[in-house]
$ cat query-v3.txt   # compact mmCIF, C-alpha atoms
# COMPACT_ATOMS: atom_id res chain seq x y z
CA MET A 1 -12.31 68.45 -50.30
CA LYS A 2 -14.87 71.24 -50.78
CA ARG A 3 -13.18 72.32 -54.04
CA LYS A 4 -13.30 68.73 -55.38
CA LEU A 5 -17.05 68.48 -54.66
CA ASN A 6 -17.71 71.77 -56.47
CA LEU A 7 -15.85 70.55 -59.56
CA LEU A 8 -17.90 67.36 -59.53
CA ILE A 9 -21.19 69.28 -59.41
CA ILE A 10 -20.16 71.60 -62.27
CA PHE A 11 -19.02 68.69 -64.42
CA LEU A 12 -22.19 66.69 -63.96
CA SER A 13 -24.36 69.70 -64.73
CA LEU A 14 -22.54 70.36 -68.00
CA SER A 15 -22.71 66.74 -69.06
CA SER A 16 -26.45 66.59 -68.57
CA LEU A 17 -26.89 69.71 -70.71
CA LEU A 18 -24.55 68.68 -73.56
CA THR A 19 -25.69 65.10 -74.00
CA ALA A 20 -28.52 62.83 -72.94
CA GLU A 21 -25.97 60.67 -71.10
CA THR A 22 -24.81 61.50 -67.60
CA ILE A 23 -21.15 60.93 -66.73
CA VAL A 24 -20.19 60.33 -63.11
CA PHE A 25 -16.54 60.55 -62.04
CA SER A 26 -14.19 60.84 -59.06
CA ALA A 27 -10.41 61.14 -58.53
CA ASN A 28 -7.77 62.47 -56.16
CA SER A 29 -7.21 65.45 -58.48
CA MET A 30 -8.62 66.96 -61.66
CA THR A 31 -7.27 69.32 -64.32
CA GLY A 32 -9.12 70.83 -67.28
CA GLN A 33 -11.69 73.43 -68.24
CA ALA A 34 -15.36 73.11 -67.45
CA GLY A 35 -17.80 74.95 -69.66
CA ASN A 36 -16.22 74.13 -73.03
CA SER A 37 -17.99 71.55 -75.21
CA ASN A 38 -14.67 70.52 -76.80
CA THR A 39 -12.17 70.28 -73.95
CA THR A 40 -9.88 67.79 -72.23
CA THR A 41 -10.32 66.82 -68.60
CA THR A 42 -7.73 64.72 -66.79
CA LEU A 43 -8.44 62.73 -63.62
CA SER A 44 -5.46 61.47 -61.60
CA GLY A 45 -5.14 59.08 -58.66
CA ASN A 46 -7.84 56.47 -58.03
CA ALA A 47 -9.66 57.77 -61.08
CA TYR A 48 -13.18 56.52 -61.71
CA VAL A 49 -15.71 57.22 -64.45
CA LYS A 50 -19.14 55.78 -65.14
CA THR A 51 -21.29 56.26 -68.22
CA GLU A 52 -24.58 54.58 -69.06
CA SER A 53 -22.75 51.59 -70.57
CA MET A 54 -19.19 51.63 -69.18
CA GLU A 55 -17.60 51.69 -65.73
CA ILE A 56 -13.82 52.21 -65.53
CA GLN A 57 -11.29 52.50 -62.70
CA ALA A 58 -7.62 53.39 -63.36
CA ASP A 59 -4.61 55.31 -62.13
CA SER A 60 -5.51 58.13 -64.54
CA LEU A 61 -8.37 58.95 -66.91
CA GLU A 62 -8.72 61.49 -69.69
CA LEU A 63 -12.01 62.69 -71.18
CA SER A 64 -11.80 64.61 -74.45
CA GLY A 65 -13.62 65.53 -77.65
CA GLU A 66 -16.98 67.12 -78.19
CA ASP A 67 -19.31 66.29 -75.31
CA TYR A 68 -16.52 64.18 -73.78
CA ARG A 69 -16.85 61.61 -76.52
CA PHE A 70 -13.50 59.89 -75.91
CA ILE A 71 -12.28 58.24 -72.71
CA LYS A 72 -8.67 57.12 -72.23
CA ALA A 73 -7.29 55.25 -69.24
CA GLU A 74 -3.79 54.31 -68.09
CA GLY A 75 -2.40 52.12 -65.31
CA ARG A 76 -4.06 49.27 -63.37
CA ILE A 77 -7.30 49.42 -65.27
CA ASN A 78 -10.33 47.35 -64.41
CA GLY A 79 -13.79 47.90 -65.76
CA LYS A 80 -17.11 46.52 -66.84
CA ASN A 81 -19.48 46.97 -69.73
CA LEU A 82 -22.80 47.39 -67.97
CA GLU A 83 -24.97 46.53 -70.98
CA THR A 84 -23.23 43.34 -72.17
CA ASN A 85 -21.86 42.15 -68.81
CA MET A 86 -18.22 42.06 -69.94
CA GLU A 87 -15.49 42.54 -67.34
CA PHE A 88 -11.87 43.39 -68.12
CA THR A 89 -8.45 44.41 -66.83
CA CYS A 90 -5.60 45.87 -68.90
CA ASP A 91 -2.73 48.40 -68.92
CA SER A 92 -4.28 51.00 -71.26
CA LEU A 93 -7.72 51.66 -72.74
CA SER A 94 -9.44 53.96 -75.21
CA TYR A 95 -13.23 54.11 -75.56
CA ASP A 96 -15.47 55.96 -78.02
CA ARG A 97 -18.87 56.70 -76.48
CA ILE A 98 -20.50 57.17 -79.89
CA THR A 99 -19.28 54.05 -81.73
CA LYS A 100 -19.12 52.13 -78.42
CA VAL A 101 -15.81 50.53 -79.40
CA ALA A 102 -13.21 49.90 -76.68
CA GLU A 103 -9.56 49.13 -77.44
CA LEU A 104 -7.76 47.34 -74.61
CA LYS A 105 -3.97 46.93 -74.65
CA GLY A 106 -1.31 45.31 -72.48
CA ASN A 107 -1.93 42.14 -70.45
CA VAL A 108 -5.62 42.14 -71.25
CA ASP A 109 -7.91 39.85 -69.28
CA PHE A 110 -11.39 39.78 -70.79
CA HIS A 111 -14.32 37.92 -69.20
CA ASP A 112 -17.74 37.26 -70.70
CA VAL A 113 -19.52 36.66 -67.40
CA GLU A 114 -22.80 35.55 -68.96
CA ASN A 115 -21.21 32.69 -70.96
CA ASP A 116 -18.21 32.05 -68.69
CA VAL A 117 -15.71 32.71 -71.47
CA ARG A 118 -12.36 34.16 -70.40
CA ALA A 119 -9.62 35.40 -72.71
CA GLN A 120 -6.10 36.73 -72.21
CA SER A 121 -4.34 38.64 -74.98
CA GLN A 122 -2.13 41.66 -75.61
CA ILE A 123 -4.74 43.52 -77.66
CA ILE A 124 -8.52 43.20 -77.67
CA VAL A 125 -10.87 45.47 -79.60
CA TYR A 126 -14.43 45.10 -78.34
CA ASN A 127 -17.42 46.36 -80.31
CA GLN A 128 -20.31 46.72 -77.90
CA ILE A 129 -22.96 47.17 -80.62
CA GLU A 130 -21.98 44.05 -82.58
CA GLU A 131 -20.85 42.23 -79.42
CA THR A 132 -17.63 41.00 -81.02
CA ALA A 133 -14.09 40.93 -79.65
CA ILE A 134 -11.06 40.92 -81.97
CA MET A 135 -7.98 39.52 -80.20
CA GLN A 136 -4.33 39.74 -81.21
CA ILE A 137 -1.01 38.38 -79.89
CA LYS A 138 -0.58 35.58 -77.31
CA ILE A 139 -4.23 34.58 -77.17
CA ASN A 140 -5.39 32.15 -74.52
CA LEU A 141 -9.16 31.61 -74.33
CA THR A 142 -10.91 29.13 -72.06
CA GLN A 143 -14.49 27.88 -72.25
CA LYS A 144 -15.72 24.68 -70.56
CA ASP A 145 -13.07 22.01 -71.38
CA ASN A 146 -11.60 24.06 -74.25
CA VAL A 147 -8.24 25.80 -74.05
CA CYS A 148 -7.76 27.83 -77.26
CA THR A 149 -4.52 29.52 -78.34
CA GLY A 150 -3.40 31.43 -81.41
CA SER A 151 -2.15 34.75 -82.77
CA TYR A 152 -5.46 36.15 -84.01
CA ALA A 153 -9.06 35.44 -83.03
CA VAL A 154 -12.58 36.80 -83.31
CA TYR A 155 -15.11 36.02 -80.59
CA TYR A 156 -18.79 36.41 -81.52
CA LYS A 157 -20.68 36.66 -78.25
CA LEU A 158 -24.23 36.42 -79.61
CA GLU A 159 -23.48 33.43 -81.87
CA GLN A 160 -21.16 31.84 -79.29
CA LEU A 161 -18.60 31.26 -82.04
CA LEU A 162 -14.80 31.52 -81.95
CA GLU A 163 -12.56 31.79 -85.01
CA LEU A 164 -8.83 31.20 -84.49
CA SER A 165 -5.82 31.59 -86.80
CA GLY A 166 -2.04 31.85 -86.60
CA ASN A 167 -0.65 28.68 -84.94
CA ALA A 168 -4.22 27.91 -83.92
CA GLN A 169 -4.73 25.15 -81.38
CA ILE A 170 -7.59 23.84 -79.26
CA LYS A 171 -7.14 21.38 -76.38
CA GLN A 172 -10.09 19.44 -75.04
CA LYS A 173 -8.76 17.53 -72.01
CA ASP A 174 -6.33 15.01 -73.60
CA ASP A 175 -7.36 15.76 -77.21
CA VAL A 176 -5.39 18.31 -79.25
CA PHE A 177 -6.35 19.92 -82.58
CA ARG A 178 -4.04 22.13 -84.67
CA ALA A 179 -4.61 23.93 -87.99
CA GLN A 180 -4.11 27.21 -89.79
CA HIS A 181 -7.75 28.10 -89.16
CA ILE A 182 -10.05 26.70 -86.45
CA SER A 183 -13.71 27.45 -85.75
CA LEU A 184 -15.32 26.42 -82.47
CA ASP A 185 -19.07 26.37 -81.89
CA MET A 186 -19.17 26.91 -78.14
CA GLU A 187 -22.72 25.63 -77.76
CA THR A 188 -22.41 22.34 -79.70
CA GLN A 189 -18.62 22.01 -79.08
CA GLU A 190 -18.19 21.27 -82.79
CA ILE A 191 -14.71 22.04 -84.17
CA THR A 192 -13.95 22.83 -87.82
CA LEU A 193 -10.30 22.67 -88.96
CA GLY A 194 -8.79 24.07 -92.16
CA GLY A 195 -5.25 24.15 -93.54
CA ASN A 196 -2.38 21.89 -92.42
CA VAL A 197 -4.58 19.95 -90.03
CA LYS A 198 -2.94 17.96 -87.22
CA GLY A 199 -4.14 16.45 -83.99
CA SER A 200 -4.13 13.67 -81.45
CA VAL A 201 -7.08 11.99 -79.77
CA SER A 202 -6.80 9.79 -76.70
CA ASP A 203 -8.58 6.43 -76.47
CA SER A 204 -9.95 5.73 -73.02
CA LYS A 205 -10.50 1.99 -73.76
CA PRO A 206 -7.64 -0.46 -72.98
CA SER A 207 -5.85 -1.55 -76.13
CA LYS A 208 -6.12 -5.11 -77.47
CA LYS A 209 -2.35 -5.48 -77.42
CA LYS A 210 -2.24 -4.73 -73.72
CA SER A 211 -4.95 -7.29 -73.00
CA ASN A 212 -3.05 -10.01 -74.93
CA GLU A 213 0.14 -9.28 -73.01
CA GLU A 214 -1.74 -9.62 -69.74
CA ASN A 215 -3.19 -12.97 -70.90
CA ASP A 216 0.27 -14.25 -71.89
CA ALA A 217 1.61 -13.33 -68.46
CA LEU A 218 -1.20 -15.29 -66.76
CA LYS A 219 -0.54 -18.34 -68.90
CA GLY A 220 3.14 -18.19 -68.06
CA GLU A 221 2.37 -18.21 -64.35
CA GLU A 222 0.21 -21.35 -64.73
CA ASN A 223 3.15 -23.26 -66.26
CA LEU A 224 5.62 -22.33 -63.50
CA PRO A 225 6.73 -25.01 -60.98
CA GLU A 226 4.93 -24.86 -57.69
CA GLY A 227 7.82 -23.25 -55.82
CA GLU A 228 8.07 -20.44 -58.34
CA ARG A 229 4.41 -19.50 -58.39
CA PRO A 230 3.42 -16.11 -56.97
CA GLU A 231 2.58 -16.17 -53.28
CA GLY A 232 -0.99 -17.19 -52.59
CA GLU A 233 -1.28 -19.26 -55.78
CA ALA A 234 -0.81 -23.06 -55.78
CA ALA A 235 -1.18 -25.71 -58.46
CA ASP A 236 -4.17 -28.01 -58.23
CA GLU A 237 -3.00 -31.30 -56.64
CA GLU A 238 -4.07 -34.61 -58.09
CA VAL A 239 -5.92 -36.85 -55.64
CA PRO A 240 -5.11 -40.64 -55.82
CA ALA A 241 -7.99 -42.71 -57.10
CA ASP A 242 -8.18 -44.83 -53.92
CA GLU A 243 -8.60 -41.68 -51.80
CA VAL A 244 -11.54 -40.38 -53.76
CA PRO A 245 -14.64 -40.75 -51.56
CA GLU A 246 -17.25 -43.15 -52.91
CA GLU A 247 -20.63 -41.76 -53.79
CA LYS A 248 -23.39 -43.08 -51.55
CA GLU A 249 -26.24 -44.86 -53.19
CA ASN A 250 -29.64 -43.46 -52.65
$ encode --input "query-v3.txt" --output "C-alpha cells"
Amino acid sequence: MKRKLNLLIIFLSLSSLLTAETIVFSANSMTGQAGNSNTTTTLSGNAYVKTESMEIQADSLELSGEDYRFIKAEGRINGKNLETNMEFTCDSLSYDRITKVAELKGNVDFHDVENDVRAQSQIIVYNQIEETAIMQIKINLTQKDNVCTGSYAVYYKLEQLLELSGNAQIKQKDDVFRAQHISLDMETQEITLGGNVKGSVSDSKPSKKKSNEENDALKGEENLPEGERPEGEAADEEVPADEVPEEKEN
C-alpha cells in the first residue's frame, strides 16, 4: 500500500510539471516508467483516471504519448465528461486530451444529461469542442416521445438537432416515419424526411364509418319484436283513447 501511494505522488508531481492539467488516478496495480515525458503507463484492476474534463473508470487504463496525451480504457467502462455533462458506458474507449475527441466502442450507452437524450450504438465518436456525437451501427436514440433508429446518425448537442440515415425511422407514440434521411429538431419536434418517404399516422377521432354502423345497430334494435329486445329496453305501449285522462278545465 505504501509503494502504491509513492507512485501516485510521483505521477501527480510529473503531470503538474509537464502540462497545465493535473491527472489524478488510482488502480490495484501500475506498470510503467515515471520521469519520461513520452512513456506508457498501465493501470490494472479498478482503474480510475480523472482529468480536468474527463472522468473514467474501467478494468484497465493506459496513458501514453507526450505528456500522457492519450488515454485508452478496456472492460466495464463508465465515465463522464465533466465540461459537457455527458455520461457513458462502453466496452472500449480512446481519448485524445488535446483534440478532446473520445471514441467509444462496443455496447455504447451515451446520455446527454442536460437535455435528457439517451443513445445506444456500437460506435460513438464524441467531439467535446464541437459538442457533436457521430453514431454508427444499431442506433437507438430516445428523446421525449421520440424513438429514433438507423445505421448512421449525427447528434448536435448545442443545436438540439439529430440527423439520421440508413433505414432511418422515428416513432412518436403511434406515429411512424421512415425515409432514407431524417432530420429531427428536438426543440420544436419538427421532422424533415427525404428519399423514399413512408409513414403512418394514427387518428384519435372515431371514424365516420364506425359511427354509422353503431347507428344502424340502434335502428335495428328499435324494429325488433318486444320479446327480442335487449334486456331493460321495452317498446312504447299505445294507450287506448278512452283511458287517456281528461284535462281539467281551469
$ atom_distance --input "query-v3.txt" --atom1 "atom CA of Cys90 of chain A" --atom2 "atom CA of Glu74 of chain A"
8.7 Å
$ residues_around --input "query-v3.txt" --residues "Asn81 of chain A" --least-positions-apart "5" --cutoff "9 Å" --atoms "only C-alpha atoms" --output "PyMOL selection string"
chain A and resi 53-56+86-88+128
$ residues_around --input "query-v3.txt" --residues "segment 114-126 of chain A" --least-positions-apart "3" --cutoff "10 Å" --atoms "only C-alpha atoms" --output "VMD selection string"
chain A and resid 84 to 95 100 to 111 129 to 144 146 to 155 157 to 158 160 186 to 187
$ atom_distance --input "query-v3.txt" --atom1 "atom CA of Gly75 of chain A" --atom2 "atom CA of Val113 of chain A"
23.2 Å
$ closest_residue --input "query-v3.txt" --among "A:Lys50, A:Arg76, A:Arg69, A:Lys173" --to "Asp203 of chain A" --atoms "only C-alpha atoms"
A:Lys173
$ atom_distance --input "query-v3.txt" --atom1 "atom CA of Thr22 of chain A" --atom2 "atom CA of Ile98 of chain A"
13.7 Å
$ residues_around --input "query-v3.txt" --residues "Leu161 of chain A" --least-positions-apart "2" --cutoff "6 Å" --atoms "only C-alpha atoms" --output "PyMOL selection string"
chain A and resi 156+159+184-186
$ closest_residue --input "query-v3.txt" --among "A:Val49, A:Leu61, A:Ile77, A:Ile191" --to "Gln169 of chain A" --atoms "only C-alpha atoms"
A:Ile191
$ residues_around --input "query-v3.txt" --residues "Thr40 of chain A" --least-positions-apart "6" --cutoff "8 Å" --atoms "only C-alpha atoms" --output "JSON, numbers by chain"
{"A": [32, 33, 62, 63, 64, 65, 68]}
$ residues_around --input "query-v3.txt" --residues "Thr192 of chain A" --least-positions-apart "3" --cutoff "10 Å" --atoms "only C-alpha atoms" --output "list in words"
Glu163, Phe177, Ala179, His181, Ile182, Ser183, Leu184, Asp185 and Gln189 of chain A
$ decode --input "query-v3.txt" --residues "segment 158-212 of chain A" --atoms "C-alpha atoms" --output "CSV table (one decimal), in the first residue's frame"
chain,number,residue,atom,x,y,z
A,158,LEU,CA,-25.9,22.7,-29.0
A,159,GLU,CA,-28.4,23.0,-31.8
A,160,GLN,CA,-30.5,20.1,-30.4
A,161,LEU,CA,-30.6,18.5,-33.9
A,162,LEU,CA,-30.5,14.9,-34.9
A,163,GLU,CA,-29.7,13.7,-38.5
A,164,LEU,CA,-30.5,10.0,-39.2
A,165,SER,CA,-29.7,7.8,-42.3
A,166,GLY,CA,-29.6,4.2,-43.2
A,167,ASN,CA,-33.0,2.6,-42.7
A,168,ALA,CA,-33.9,5.7,-40.7
A,169,GLN,CA,-37.1,5.7,-38.6
A,170,ILE,CA,-38.7,7.8,-36.0
A,171,LYS,CA,-41.6,6.7,-33.8
A,172,GLN,CA,-43.7,9.3,-32.0
A,173,LYS,CA,-46.2,7.2,-29.9
A,174,ASP,CA,-48.4,5.6,-32.5
A,175,ASP,CA,-47.0,7.6,-35.5
A,176,VAL,CA,-44.2,6.2,-37.6
A,177,PHE,CA,-41.9,8.0,-40.1
A,178,ARG,CA,-39.4,6.2,-42.4
A,179,ALA,CA,-37.1,7.7,-45.1
A,180,GLN,CA,-33.5,7.5,-46.4
A,181,HIS,CA,-32.7,10.7,-44.5
A,182,ILE,CA,-34.5,12.1,-41.5
A,183,SER,CA,-33.8,15.3,-39.5
A,184,LEU,CA,-35.4,15.9,-36.1
A,185,ASP,CA,-35.4,19.3,-34.4
A,186,MET,CA,-35.6,18.2,-30.8
A,187,GLU,CA,-36.8,21.6,-29.5
A,188,THR,CA,-39.7,22.1,-32.0
A,189,GLN,CA,-40.3,18.4,-32.6
A,190,GLU,CA,-40.3,19.2,-36.4
A,191,ILE,CA,-39.4,16.2,-38.6
A,192,THR,CA,-38.0,16.6,-42.2
A,193,LEU,CA,-38.0,13.4,-44.4
A,194,GLY,CA,-36.1,12.9,-47.6
A,195,GLY,CA,-35.8,9.9,-50.0
A,196,ASN,CA,-38.3,7.0,-50.2
A,197,VAL,CA,-40.6,8.6,-47.6
A,198,LYS,CA,-43.1,6.3,-45.8
A,199,GLY,CA,-45.1,6.6,-42.7
A,200,SER,CA,-48.3,6.0,-40.8
A,201,VAL,CA,-50.2,8.4,-38.6
A,202,SER,CA,-53.0,7.4,-36.2
A,203,ASP,CA,-56.3,9.3,-35.9
A,204,SER,CA,-57.6,9.6,-32.4
A,205,LYS,CA,-61.1,10.6,-33.6
A,206,PRO,CA,-63.7,7.9,-34.1
A,207,SER,CA,-64.2,7.2,-37.8
A,208,LYS,CA,-67.5,8.1,-39.6
A,209,LYS,CA,-67.9,4.6,-40.8
A,210,LYS,CA,-67.9,3.3,-37.2
A,211,SER,CA,-70.5,5.8,-36.1
A,212,ASN,CA,-72.8,4.8,-39.0
